[in-house]
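Reviewing the structure listed below.
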Amino acid sequence: MLLANYEGRIYAVSGICPHQLNPLEGAVLGDLLIDGPWRHFQFDCRNHFPASVYPKDLRKQLAPLKRYAVDVRDGDVWMKIE
């Protein structure tokens with residue numbers, strides 16, 4: 001599980017990159033993009049899809065990150081995990 005806080009909004013996505021199933025531990029968040037530490041594949045944290053910086057043929061090969069619903073209550077982050 002990876003939590004991203006961008007300008008006070010919390011996003012929760014799978015902690016595994018769908019490209020080669022490497023962990024996203026150590027990923028960097030910049031300008032809404034989650035940059036994976038292994039091969040630097042980037043995903044938009046708002047919609048969990050690969051960033052549009054890739055050519056169309058490569059984007060078709062990349063699955064989106066699994067996304068989880070998030071609710072922030074009294075400063076605590078709650079996620080619905082199925």
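In the structure tokens, each chain is lettered A, B, ... as it comes, each chain's residues begin at 1, and ligands are numbered from 1 in order of appearance.
The residues of chain A that DSSP assigns to helix (DSSP H, G or I) on this backbone come out as A:Lys56, A:Asp57, A:Leu58, A:Arg59, A:Lys60, A:Gln61.
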How would the residues just chosen look if you wrote them out with N, CA and C atoms as a CSV table (one decimal), in the first residue's frame?
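See selection-v9.csv below for the written result:
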chain,number,residue,atom,x,y,z
A,56,LYS,N,2.3,5.9,-26.8
A,56,LYS,CA,1.0,5.1,-26.7
A,56,LYS,C,1.2,3.6,-26.7
A,57,ASP,N,2.2,3.1,-27.4
A,57,ASP,CA,2.4,1.7,-27.4
A,57,ASP,C,2.9,1.2,-26.1
A,58,LEU,N,3.7,2.0,-25.4
A,58,LEU,CA,4.2,1.6,-24.1
A,58,LEU,C,3.1,1.7,-23.0
A,59,ARG,N,2.3,2.7,-23.1
A,59,ARG,CA,1.2,2.9,-22.2
A,59,ARG,C,0.2,1.7,-22.2
A,60,LYS,N,0.1,1.1,-23.4
A,60,LYS,CA,-0.8,-0.1,-23.5
A,60,LYS,C,-0.3,-1.2,-22.7
A,61,GLN,N,1.0,-1.3,-22.5
A,61,GLN,CA,1.7,-2.4,-21.8
A,61,GLN,C,1.6,-2.2,-20.3
To test your reading of the structure, identify every residue in chain A that backbone DSSP assigns to strand (DSSP E or B), and report it as a PDB file with all heavy atoms, in the first residue's frame.
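Writing the result to result.pdb gives the following:
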ATOM      1  N   LEU A   2       0.547   2.183  -0.825  1.00  0.00           N
ATOM      2  CA  LEU A   2       1.307   3.428  -0.911  1.00  0.00           C
ATOM      3  C   LEU A   2       0.332   4.581  -0.705  1.00  0.00           C
ATOM      4  O   LEU A   2      -0.699   4.648  -1.375  1.00  0.00           O
ATOM      5  CB  LEU A   2       1.966   3.537  -2.290  1.00  0.00           C
ATOM      6  CG  LEU A   2       2.749   4.819  -2.535  1.00  0.00           C
ATOM      7  CD1 LEU A   2       4.140   4.685  -1.933  1.00  0.00           C
ATOM      8  CD2 LEU A   2       2.874   5.068  -4.019  1.00  0.00           C
ATOM      9  N   LEU A   3       0.648   5.449   0.246  1.00  0.00           N
ATOM     10  CA  LEU A   3      -0.159   6.645   0.472  1.00  0.00           C
ATOM     11  C   LEU A   3       0.596   7.846  -0.066  1.00  0.00           C
ATOM     12  O   LEU A   3       1.795   7.995   0.183  1.00  0.00           O
ATOM     13  CB  LEU A   3      -0.420   6.855   1.961  1.00  0.00           C
ATOM     14  CG  LEU A   3      -1.293   5.822   2.654  1.00  0.00           C
ATOM     15  CD1 LEU A   3      -1.379   6.126   4.146  1.00  0.00           C
ATOM     16  CD2 LEU A   3      -2.673   5.778   2.044  1.00  0.00           C
ATOM     17  N   ALA A   4      -0.103   8.681  -0.806  1.00  0.00           N
ATOM     18  CA  ALA A   4       0.493   9.902  -1.340  1.00  0.00           C
ATOM     19  C   ALA A   4      -0.334  11.078  -0.841  1.00  0.00           C
ATOM     20  O   ALA A   4      -1.557  11.085  -0.957  1.00  0.00           O
ATOM     21  CB  ALA A   4       0.499   9.867  -2.863  1.00  0.00           C
ATOM     22  N   ASN A   5       0.337  12.064  -0.274  1.00  0.00           N
ATOM     23  CA  ASN A   5      -0.320  13.278   0.192  1.00  0.00           C
ATOM     24  C   ASN A   5       0.115  14.401  -0.737  1.00  0.00           C
ATOM     25  O   ASN A   5       1.263  14.826  -0.712  1.00  0.00           O
ATOM     26  CB  ASN A   5       0.090  13.575   1.632  1.00  0.00           C
ATOM     27  CG  ASN A   5      -0.574  14.822   2.186  1.00  0.00           C
ATOM     28  OD1 ASN A   5      -1.076  15.668   1.456  1.00  0.00           O
ATOM     29  ND2 ASN A   5      -0.557  14.934   3.490  1.00  0.00           N
ATOM     30  N   TYR A   6      -0.809  14.870  -1.552  1.00  0.00           N
ATOM     31  CA  TYR A   6      -0.502  15.962  -2.464  1.00  0.00           C
ATOM     32  C   TYR A   6      -1.421  17.134  -2.142  1.00  0.00           C
ATOM     33  O   TYR A   6      -2.638  17.025  -2.297  1.00  0.00           O
ATOM     34  CB  TYR A   6      -0.665  15.534  -3.923  1.00  0.00           C
ATOM     35  CG  TYR A   6      -0.211  16.618  -4.884  1.00  0.00           C
ATOM     36  CD1 TYR A   6       1.137  16.827  -5.114  1.00  0.00           C
ATOM     37  CD2 TYR A   6      -1.135  17.443  -5.507  1.00  0.00           C
ATOM     38  CE1 TYR A   6       1.564  17.831  -5.959  1.00  0.00           C
ATOM     39  CE2 TYR A   6      -0.720  18.451  -6.359  1.00  0.00           C
ATOM     40  CZ  TYR A   6       0.634  18.641  -6.587  1.00  0.00           C
ATOM     41  OH  TYR A   6       1.052  19.639  -7.415  1.00  0.00           O
ATOM     42  N   ARG A   9      -4.476  16.371   0.000  1.00  0.00           N
ATOM     43  CA  ARG A   9      -5.383  15.309  -0.443  1.00  0.00           C
ATOM     44  C   ARG A   9      -4.620  13.990  -0.426  1.00  0.00           C
ATOM     45  O   ARG A   9      -3.490  13.902  -0.900  1.00  0.00           O
ATOM     46  CB  ARG A   9      -5.895  15.596  -1.846  1.00  0.00           C
ATOM     47  CG  ARG A   9      -6.824  14.517  -2.317  1.00  0.00           C
ATOM     48  CD  ARG A   9      -7.979  15.053  -3.079  1.00  0.00           C
ATOM     49  NE  ARG A   9      -8.897  13.956  -3.324  1.00  0.00           N
ATOM     50  CZ  ARG A   9      -9.643  13.851  -4.384  1.00  0.00           C
ATOM     51  NH1 ARG A   9      -9.632  14.807  -5.285  1.00  0.00           N
ATOM     52  NH2 ARG A   9     -10.439  12.829  -4.541  1.00  0.00           N
ATOM     53  N   ILE A  10      -5.246  12.957   0.155  1.00  0.00           N
ATOM     54  CA  ILE A  10      -4.605  11.659   0.309  1.00  0.00           C
ATOM     55  C   ILE A  10      -5.074  10.717  -0.788  1.00  0.00           C
ATOM     56  O   ILE A  10      -6.271  10.602  -1.057  1.00  0.00           O
ATOM     57  CB  ILE A  10      -4.932  11.037   1.683  1.00  0.00           C
ATOM     58  CG1 ILE A  10      -4.595  12.005   2.820  1.00  0.00           C
ATOM     59  CG2 ILE A  10      -4.229   9.694   1.858  1.00  0.00           C
ATOM     60  CD1 ILE A  10      -3.135  12.292   2.988  1.00  0.00           C
ATOM     61  N   TYR A  11      -4.112  10.038  -1.400  1.00  0.00           N
ATOM     62  CA  TYR A  11      -4.390   9.032  -2.420  1.00  0.00           C
ATOM     63  C   TYR A  11      -3.782   7.718  -1.942  1.00  0.00           C
ATOM     64  O   TYR A  11      -2.675   7.705  -1.393  1.00  0.00           O
ATOM     65  CB  TYR A  11      -3.753   9.417  -3.755  1.00  0.00           C
ATOM     66  CG  TYR A  11      -4.237  10.748  -4.281  1.00  0.00           C
ATOM     67  CD1 TYR A  11      -3.562  11.922  -3.963  1.00  0.00           C
ATOM     68  CD2 TYR A  11      -5.365  10.825  -5.086  1.00  0.00           C
ATOM     69  CE1 TYR A  11      -3.997  13.147  -4.440  1.00  0.00           C
ATOM     70  CE2 TYR A  11      -5.813  12.051  -5.573  1.00  0.00           C
ATOM     71  CZ  TYR A  11      -5.122  13.208  -5.242  1.00  0.00           C
ATOM     72  OH  TYR A  11      -5.556  14.412  -5.713  1.00  0.00           O
ATOM     73  N   ALA A  12      -4.479   6.607  -2.145  1.00  0.00           N
ATOM     74  CA  ALA A  12      -3.969   5.290  -1.755  1.00  0.00           C
ATOM     75  C   ALA A  12      -3.971   4.375  -2.973  1.00  0.00           C
ATOM     76  O   ALA A  12      -4.988   4.231  -3.644  1.00  0.00           O
ATOM     77  CB  ALA A  12      -4.836   4.700  -0.647  1.00  0.00           C
ATOM     78  N   VAL A  13      -2.824   3.785  -3.242  1.00  0.00           N
ATOM     79  CA  VAL A  13      -2.687   2.868  -4.372  1.00  0.00           C
ATOM     80  C   VAL A  13      -1.888   1.641  -3.923  1.00  0.00           C
ATOM     81  O   VAL A  13      -1.262   1.641  -2.869  1.00  0.00           O
ATOM     82  CB  VAL A  13      -1.990   3.539  -5.585  1.00  0.00           C
ATOM     83  CG1 VAL A  13      -2.827   4.670  -6.144  1.00  0.00           C
ATOM     84  CG2 VAL A  13      -0.602   4.020  -5.224  1.00  0.00           C
ATOM     85  N   ILE A  16       2.715  -2.124  -5.259  1.00  0.00           N
ATOM     86  CA  ILE A  16       3.446  -2.944  -6.224  1.00  0.00           C
ATOM     87  C   ILE A  16       3.285  -2.337  -7.610  1.00  0.00           C
ATOM     88  O   ILE A  16       2.173  -2.085  -8.070  1.00  0.00           O
ATOM     89  CB  ILE A  16       2.923  -4.391  -6.234  1.00  0.00           C
ATOM     90  CG1 ILE A  16       3.034  -5.023  -4.846  1.00  0.00           C
ATOM     91  CG2 ILE A  16       3.634  -5.231  -7.289  1.00  0.00           C
ATOM     92  CD1 ILE A  16       4.447  -5.217  -4.362  1.00  0.00           C
ATOM     93  N   PRO A  23       8.300  -3.682  -5.690  1.00  0.00           N
ATOM     94  CA  PRO A  23       7.662  -2.823  -4.691  1.00  0.00           C
ATOM     95  C   PRO A  23       7.882  -1.344  -5.003  1.00  0.00           C
ATOM     96  O   PRO A  23       8.899  -0.967  -5.577  1.00  0.00           O
ATOM     97  CB  PRO A  23       8.344  -3.216  -3.379  1.00  0.00           C
ATOM     98  CG  PRO A  23       9.622  -3.844  -3.784  1.00  0.00           C
ATOM     99  CD  PRO A  23       9.416  -4.439  -5.142  1.00  0.00           C
ATOM    100  N   VAL A  28       9.019   8.246  -5.242  1.00  0.00           N
ATOM    101  CA  VAL A  28       9.036   9.686  -5.007  1.00  0.00           C
ATOM    102  C   VAL A  28       7.785  10.292  -5.637  1.00  0.00           C
ATOM    103  O   VAL A  28       7.400   9.918  -6.741  1.00  0.00           O
ATOM    104  CB  VAL A  28      10.304  10.315  -5.633  1.00  0.00           C
ATOM    105  CG1 VAL A  28      10.291  11.821  -5.509  1.00  0.00           C
ATOM    106  CG2 VAL A  28      11.551   9.735  -4.978  1.00  0.00           C
ATOM    107  N   LEU A  29       7.161  11.233  -4.926  1.00  0.00           N
ATOM    108  CA  LEU A  29       5.990  11.937  -5.436  1.00  0.00           C
ATOM    109  C   LEU A  29       6.404  13.335  -5.855  1.00  0.00           C
ATOM    110  O   LEU A  29       6.980  14.085  -5.080  1.00  0.00           O
ATOM    111  CB  LEU A  29       4.898  12.022  -4.365  1.00  0.00           C
ATOM    112  CG  LEU A  29       3.634  12.780  -4.749  1.00  0.00           C
ATOM    113  CD1 LEU A  29       2.896  12.046  -5.856  1.00  0.00           C
ATOM    114  CD2 LEU A  29       2.730  12.955  -3.536  1.00  0.00           C
ATOM    115  N   GLY A  30       6.120  13.679  -7.089  1.00  0.00           N
ATOM    116  CA  GLY A  30       6.426  15.016  -7.589  1.00  0.00           C
ATOM    117  C   GLY A  30       5.421  15.415  -8.647  1.00  0.00           C
ATOM    118  O   GLY A  30       5.190  14.668  -9.597  1.00  0.00           O
ATOM    119  N   LEU A  33       2.906  12.896  -9.750  1.00  0.00           N
ATOM    120  CA  LEU A  33       3.408  11.663 -10.330  1.00  0.00           C
ATOM    121  C   LEU A  33       4.141  10.833  -9.279  1.00  0.00           C
ATOM    122  O   LEU A  33       5.020  11.332  -8.578  1.00  0.00           O
ATOM    123  CB  LEU A  33       4.358  11.940 -11.492  1.00  0.00           C
ATOM    124  CG  LEU A  33       3.751  12.575 -12.722  1.00  0.00           C
ATOM    125  CD1 LEU A  33       4.823  12.800 -13.778  1.00  0.00           C
ATOM    126  CD2 LEU A  33       2.624  11.720 -13.281  1.00  0.00           C
ATOM    127  N   ILE A  34       3.763   9.569  -9.191  1.00  0.00           N
ATOM    128  CA  ILE A  34       4.475   8.609  -8.360  1.00  0.00           C
ATOM    129  C   ILE A  34       5.556   8.018  -9.248  1.00  0.00           C
ATOM    130  O   ILE A  34       5.264   7.415 -10.283  1.00  0.00           O
ATOM    131  CB  ILE A  34       3.527   7.509  -7.858  1.00  0.00           C
ATOM    132  CG1 ILE A  34       2.426   8.116  -6.986  1.00  0.00           C
ATOM    133  CG2 ILE A  34       4.303   6.438  -7.104  1.00  0.00           C
ATOM    134  CD1 ILE A  34       1.277   7.166  -6.701  1.00  0.00           C
ATOM    135  N   ASP A  35       6.814   8.196  -8.869  1.00  0.00           N
ATOM    136  CA  ASP A  35       7.943   7.712  -9.653  1.00  0.00           C
ATOM    137  C   ASP A  35       8.524   6.487  -8.958  1.00  0.00           C
ATOM    138  O   ASP A  35       9.068   6.576  -7.863  1.00  0.00           O
ATOM    139  CB  ASP A  35       9.007   8.818  -9.760  1.00  0.00           C
ATOM    140  CG  ASP A  35      10.176   8.407 -10.624  1.00  0.00           C
ATOM    141  OD1 ASP A  35       9.952   8.076 -11.794  1.00  0.00           O
ATOM    142  OD2 ASP A  35      11.310   8.419 -10.112  1.00  0.00           O
ATOM    143  N   GLN A  42       6.238   5.966 -14.080  1.00  0.00           N
ATOM    144  CA  GLN A  42       5.496   7.007 -13.368  1.00  0.00           C
ATOM    145  C   GLN A  42       3.996   6.802 -13.529  1.00  0.00           C
ATOM    146  O   GLN A  42       3.520   6.463 -14.615  1.00  0.00           O
ATOM    147  CB  GLN A  42       5.888   8.380 -13.891  1.00  0.00           C
ATOM    148  CG  GLN A  42       7.336   8.703 -13.622  1.00  0.00           C
ATOM    149  CD  GLN A  42       7.734  10.058 -14.158  1.00  0.00           C
ATOM    150  OE1 GLN A  42       7.148  10.572 -15.101  1.00  0.00           O
ATOM    151  NE2 GLN A  42       8.746  10.637 -13.559  1.00  0.00           N
ATOM    152  N   PHE A  43       3.279   7.041 -12.436  1.00  0.00           N
ATOM    153  CA  PHE A  43       1.829   6.911 -12.404  1.00  0.00           C
ATOM    154  C   PHE A  43       1.236   8.171 -11.796  1.00  0.00           C
ATOM    155  O   PHE A  43       1.742   8.699 -10.824  1.00  0.00           O
ATOM    156  CB  PHE A  43       1.418   5.697 -11.567  1.00  0.00           C
ATOM    157  CG  PHE A  43       1.903   4.400 -12.140  1.00  0.00           C
ATOM    158  CD1 PHE A  43       3.171   3.923 -11.850  1.00  0.00           C
ATOM    159  CD2 PHE A  43       1.093   3.672 -12.998  1.00  0.00           C
ATOM    160  CE1 PHE A  43       3.626   2.738 -12.392  1.00  0.00           C
ATOM    161  CE2 PHE A  43       1.540   2.480 -13.550  1.00  0.00           C
ATOM    162  CZ  PHE A  43       2.812   2.015 -13.242  1.00  0.00           C
ATOM    163  N   ASP A  44       0.142   8.631 -12.363  1.00  0.00           N
ATOM    164  CA  ASP A  44      -0.572   9.792 -11.842  1.00  0.00           C
ATOM    165  C   ASP A  44      -1.340   9.349 -10.600  1.00  0.00           C
ATOM    166  O   ASP A  44      -2.168   8.440 -10.677  1.00  0.00           O
ATOM    167  CB  ASP A  44      -1.529  10.318 -12.920  1.00  0.00           C
ATOM    168  CG  ASP A  44      -2.167  11.631 -12.553  1.00  0.00           C
ATOM    169  OD1 ASP A  44      -2.605  11.783 -11.387  1.00  0.00           O
ATOM    170  OD2 ASP A  44      -2.264  12.506 -13.421  1.00  0.00           O
ATOM    171  N   PRO A  50      -0.806   5.057 -15.787  1.00  0.00           N
ATOM    172  CA  PRO A  50       0.544   5.480 -16.167  1.00  0.00           C
ATOM    173  C   PRO A  50       0.513   6.917 -16.687  1.00  0.00           C
ATOM    174  O   PRO A  50      -0.437   7.335 -17.335  1.00  0.00           O
ATOM    175  CB  PRO A  50       0.929   4.506 -17.280  1.00  0.00           C
ATOM    176  CG  PRO A  50       0.073   3.305 -17.041  1.00  0.00           C
ATOM    177  CD  PRO A  50      -1.209   3.831 -16.463  1.00  0.00           C
ATOM    178  N   ARG A  67      -6.245   1.061  -7.010  1.00  0.00           N
ATOM    179  CA  ARG A  67      -6.585   2.253  -6.228  1.00  0.00           C
ATOM    180  C   ARG A  67      -7.538   1.874  -5.096  1.00  0.00           C
ATOM    181  O   ARG A  67      -8.381   1.001  -5.258  1.00  0.00           O
ATOM    182  CB  ARG A  67      -7.239   3.259  -7.157  1.00  0.00           C
ATOM    183  CG  ARG A  67      -7.513   4.579  -6.532  1.00  0.00           C
ATOM    184  CD  ARG A  67      -8.039   5.512  -7.604  1.00  0.00           C
ATOM    185  NE  ARG A  67      -8.434   6.761  -7.013  1.00  0.00           N
ATOM    186  CZ  ARG A  67      -8.986   7.740  -7.671  1.00  0.00           C
ATOM    187  NH1 ARG A  67      -9.218   7.626  -8.952  1.00  0.00           N
ATOM    188  NH2 ARG A  67      -9.309   8.858  -7.063  1.00  0.00           N
ATOM    189  N   TYR A  68      -7.386   2.537  -3.969  1.00  0.00           N
ATOM    190  CA  TYR A  68      -8.231   2.284  -2.807  1.00  0.00           C
ATOM    191  C   TYR A  68      -8.958   3.566  -2.412  1.00  0.00           C
ATOM    192  O   TYR A  68      -8.387   4.661  -2.476  1.00  0.00           O
ATOM    193  CB  TYR A  68      -7.388   1.804  -1.620  1.00  0.00           C
ATOM    194  CG  TYR A  68      -6.657   0.519  -1.900  1.00  0.00           C
ATOM    195  CD1 TYR A  68      -5.351   0.531  -2.363  1.00  0.00           C
ATOM    196  CD2 TYR A  68      -7.280  -0.707  -1.721  1.00  0.00           C
ATOM    197  CE1 TYR A  68      -4.679  -0.650  -2.629  1.00  0.00           C
ATOM    198  CE2 TYR A  68      -6.617  -1.898  -1.988  1.00  0.00           C
ATOM    199  CZ  TYR A  68      -5.312  -1.853  -2.449  1.00  0.00           C
ATOM    200  OH  TYR A  68      -4.652  -3.012  -2.712  1.00  0.00           O
ATOM    201  N   ALA A  69     -10.202   3.402  -1.993  1.00  0.00           N
ATOM    202  CA  ALA A  69     -10.986   4.550  -1.523  1.00  0.00           C
ATOM    203  C   ALA A  69     -10.400   5.029  -0.195  1.00  0.00           C
ATOM    204  O   ALA A  69     -10.034   4.222   0.664  1.00  0.00           O
ATOM    205  CB  ALA A  69     -12.444   4.155  -1.345  1.00  0.00           C
ATOM    206  N   VAL A  70     -10.310   6.345  -0.032  1.00  0.00           N
ATOM    207  CA  VAL A  70      -9.714   6.950   1.166  1.00  0.00           C
ATOM    208  C   VAL A  70     -10.709   7.906   1.798  1.00  0.00           C
ATOM    209  O   VAL A  70     -11.405   8.642   1.107  1.00  0.00           O
ATOM    210  CB  VAL A  70      -8.421   7.730   0.792  1.00  0.00           C
ATOM    211  CG1 VAL A  70      -7.875   8.477   1.990  1.00  0.00           C
ATOM    212  CG2 VAL A  70      -7.384   6.799   0.220  1.00  0.00           C
ATOM    213  N   ASP A  71     -10.747   7.870   3.128  1.00  0.00           N
ATOM    214  CA  ASP A  71     -11.556   8.811   3.888  1.00  0.00           C
ATOM    215  C   ASP A  71     -10.686   9.311   5.044  1.00  0.00           C
ATOM    216  O   ASP A  71     -10.097   8.507   5.762  1.00  0.00           O
ATOM    217  CB  ASP A  71     -12.817   8.112   4.416  1.00  0.00           C
ATOM    218  CG  ASP A  71     -13.773   9.066   5.094  1.00  0.00           C
ATOM    219  OD1 ASP A  71     -13.746  10.271   4.773  1.00  0.00           O
ATOM    220  OD2 ASP A  71     -14.555   8.604   5.946  1.00  0.00           O
ATOM    221  N   VAL A  72     -10.585  10.619   5.205  1.00  0.00           N
ATOM    222  CA  VAL A  72      -9.815  11.183   6.303  1.00  0.00           C
ATOM    223  C   VAL A  72     -10.800  11.691   7.349  1.00  0.00           C
ATOM    224  O   VAL A  72     -11.642  12.539   7.066  1.00  0.00           O
ATOM    225  CB  VAL A  72      -8.895  12.336   5.816  1.00  0.00           C
ATOM    226  CG1 VAL A  72      -8.126  12.926   6.991  1.00  0.00           C
ATOM    227  CG2 VAL A  72      -7.946  11.838   4.735  1.00  0.00           C
ATOM    228  N   ARG A  73     -10.691  11.121   8.567  1.00  0.00           N
ATOM    229  CA  ARG A  73     -11.583  11.500   9.669  1.00  0.00           C
ATOM    230  C   ARG A  73     -10.743  11.897  10.878  1.00  0.00           C
ATOM    231  O   ARG A  73      -9.967  11.088  11.383  1.00  0.00           O
ATOM    232  CB  ARG A  73     -12.481  10.331  10.069  1.00  0.00           C
ATOM    233  CG  ARG A  73     -13.427   9.873   9.003  1.00  0.00           C
ATOM    234  CD  ARG A  73     -14.292   8.723   9.524  1.00  0.00           C
ATOM    235  NE  ARG A  73     -14.361   7.705   8.493  1.00  0.00           N
ATOM    236  CZ  ARG A  73     -14.474   6.416   8.720  1.00  0.00           C
ATOM    237  NH1 ARG A  73     -14.509   5.950   9.947  1.00  0.00           N
ATOM    238  NH2 ARG A  73     -14.533   5.574   7.719  1.00  0.00           N
ATOM    239  N   ASP A  76      -7.145  11.022  10.838  1.00  0.00           N
ATOM    240  CA  ASP A  76      -6.800   9.618  10.593  1.00  0.00           C
ATOM    241  C   ASP A  76      -7.208   9.234   9.180  1.00  0.00           C
ATOM    242  O   ASP A  76      -8.264   9.636   8.691  1.00  0.00           O
ATOM    243  CB  ASP A  76      -7.512   8.690  11.586  1.00  0.00           C
ATOM    244  CG  ASP A  76      -7.040   8.884  13.016  1.00  0.00           C
ATOM    245  OD1 ASP A  76      -5.841   9.180  13.200  1.00  0.00           O
ATOM    246  OD2 ASP A  76      -7.871   8.737  13.924  1.00  0.00           O
ATOM    247  N   VAL A  77      -6.381   8.439   8.527  1.00  0.00           N
ATOM    248  CA  VAL A  77      -6.657   7.980   7.166  1.00  0.00           C
ATOM    249  C   VAL A  77      -7.288   6.596   7.228  1.00  0.00           C
ATOM    250  O   VAL A  77      -6.728   5.667   7.823  1.00  0.00           O
ATOM    251  CB  VAL A  77      -5.365   7.922   6.313  1.00  0.00           C
ATOM    252  CG1 VAL A  77      -5.654   7.394   4.925  1.00  0.00           C
ATOM    253  CG2 VAL A  77      -4.714   9.295   6.244  1.00  0.00           C
ATOM    254  N   TRP A  78      -8.468   6.475   6.630  1.00  0.00           N
ATOM    255  CA  TRP A  78      -9.180   5.206   6.549  1.00  0.00           C
ATOM    256  C   TRP A  78      -9.258   4.795   5.092  1.00  0.00           C
ATOM    257  O   TRP A  78      -9.536   5.608   4.231  1.00  0.00           O
ATOM    258  CB  TRP A  78     -10.594   5.355   7.119  1.00  0.00           C
ATOM    259  CG  TRP A  78     -10.620   5.633   8.585  1.00  0.00           C
ATOM    260  CD1 TRP A  78     -10.438   6.845   9.189  1.00  0.00           C
ATOM    261  CD2 TRP A  78     -10.825   4.705   9.625  1.00  0.00           C
ATOM    262  NE1 TRP A  78     -10.514   6.713  10.545  1.00  0.00           N
ATOM    263  CE2 TRP A  78     -10.760   5.391  10.842  1.00  0.00           C
ATOM    264  CE3 TRP A  78     -11.062   3.325   9.645  1.00  0.00           C
ATOM    265  CZ2 TRP A  78     -10.917   4.771  12.054  1.00  0.00           C
ATOM    266  CZ3 TRP A  78     -11.219   2.707  10.870  1.00  0.00           C
ATOM    267  CH2 TRP A  78     -11.149   3.422  12.073  1.00  0.00           C
ATOM    268  N   MET A  79      -9.003   3.506   4.848  1.00  0.00           N
ATOM    269  CA  MET A  79      -9.065   2.991   3.474  1.00  0.00           C
ATOM    270  C   MET A  79      -9.975   1.775   3.444  1.00  0.00           C
ATOM    271  O   MET A  79     -10.009   0.985   4.393  1.00  0.00           O
ATOM    272  CB  MET A  79      -7.682   2.584   3.001  1.00  0.00           C
ATOM    273  CG  MET A  79      -6.741   3.748   2.847  1.00  0.00           C
ATOM    274  SD  MET A  79      -5.068   3.195   2.652  1.00  0.00           S
ATOM    275  CE  MET A  79      -4.689   2.652   4.294  1.00  0.00           C
ATOM    276  N   LYS A  80     -10.663   1.640   2.327  1.00  0.00           N
ATOM    277  CA  LYS A  80     -11.481   0.442   2.128  1.00  0.00           C
ATOM    278  C   LYS A  80     -10.632  -0.543   1.330  1.00  0.00           C
ATOM    279  O   LYS A  80     -10.293  -0.325   0.186  1.00  0.00           O
ATOM    280  CB  LYS A  80     -12.754   0.765   1.361  1.00  0.00           C
ATOM    281  CG  LYS A  80     -13.640  -0.425   1.185  1.00  0.00           C
ATOM    282  CD  LYS A  80     -14.941  -0.064   0.529  1.00  0.00           C
ATOM    283  CE  LYS A  80     -15.815  -1.298   0.456  1.00  0.00           C
ATOM    284  NZ  LYS A  80     -17.118  -1.006  -0.103  1.00  0.00           N
TER     285      LYS A  80
END
Would you mind telling me which residue in A:Glu7, A:Arg46, A:Met1, A:Leu62 lies nearest to Gly26 in chain A when using only C-alpha atoms?
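When distances to Gly26 in chain A are compared using only C-alpha atoms, the smallest one comes from A:Met1.
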Atomic separation - CA of Asp31 in chain A relative to CA of Leu65 in chain A, Å:
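CA of Asp31 in chain A lies 17.3 Å from CA of Leu65 in chain A.
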Under the rule that only C-alpha atoms are counted, which of A:Asp74, A:Ala27, A:His40, A:Leu32 is the nearest residue to Ser14 in chain A?
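Among the listed residues, A:Ala27 lies closest to Ser14 in chain A.
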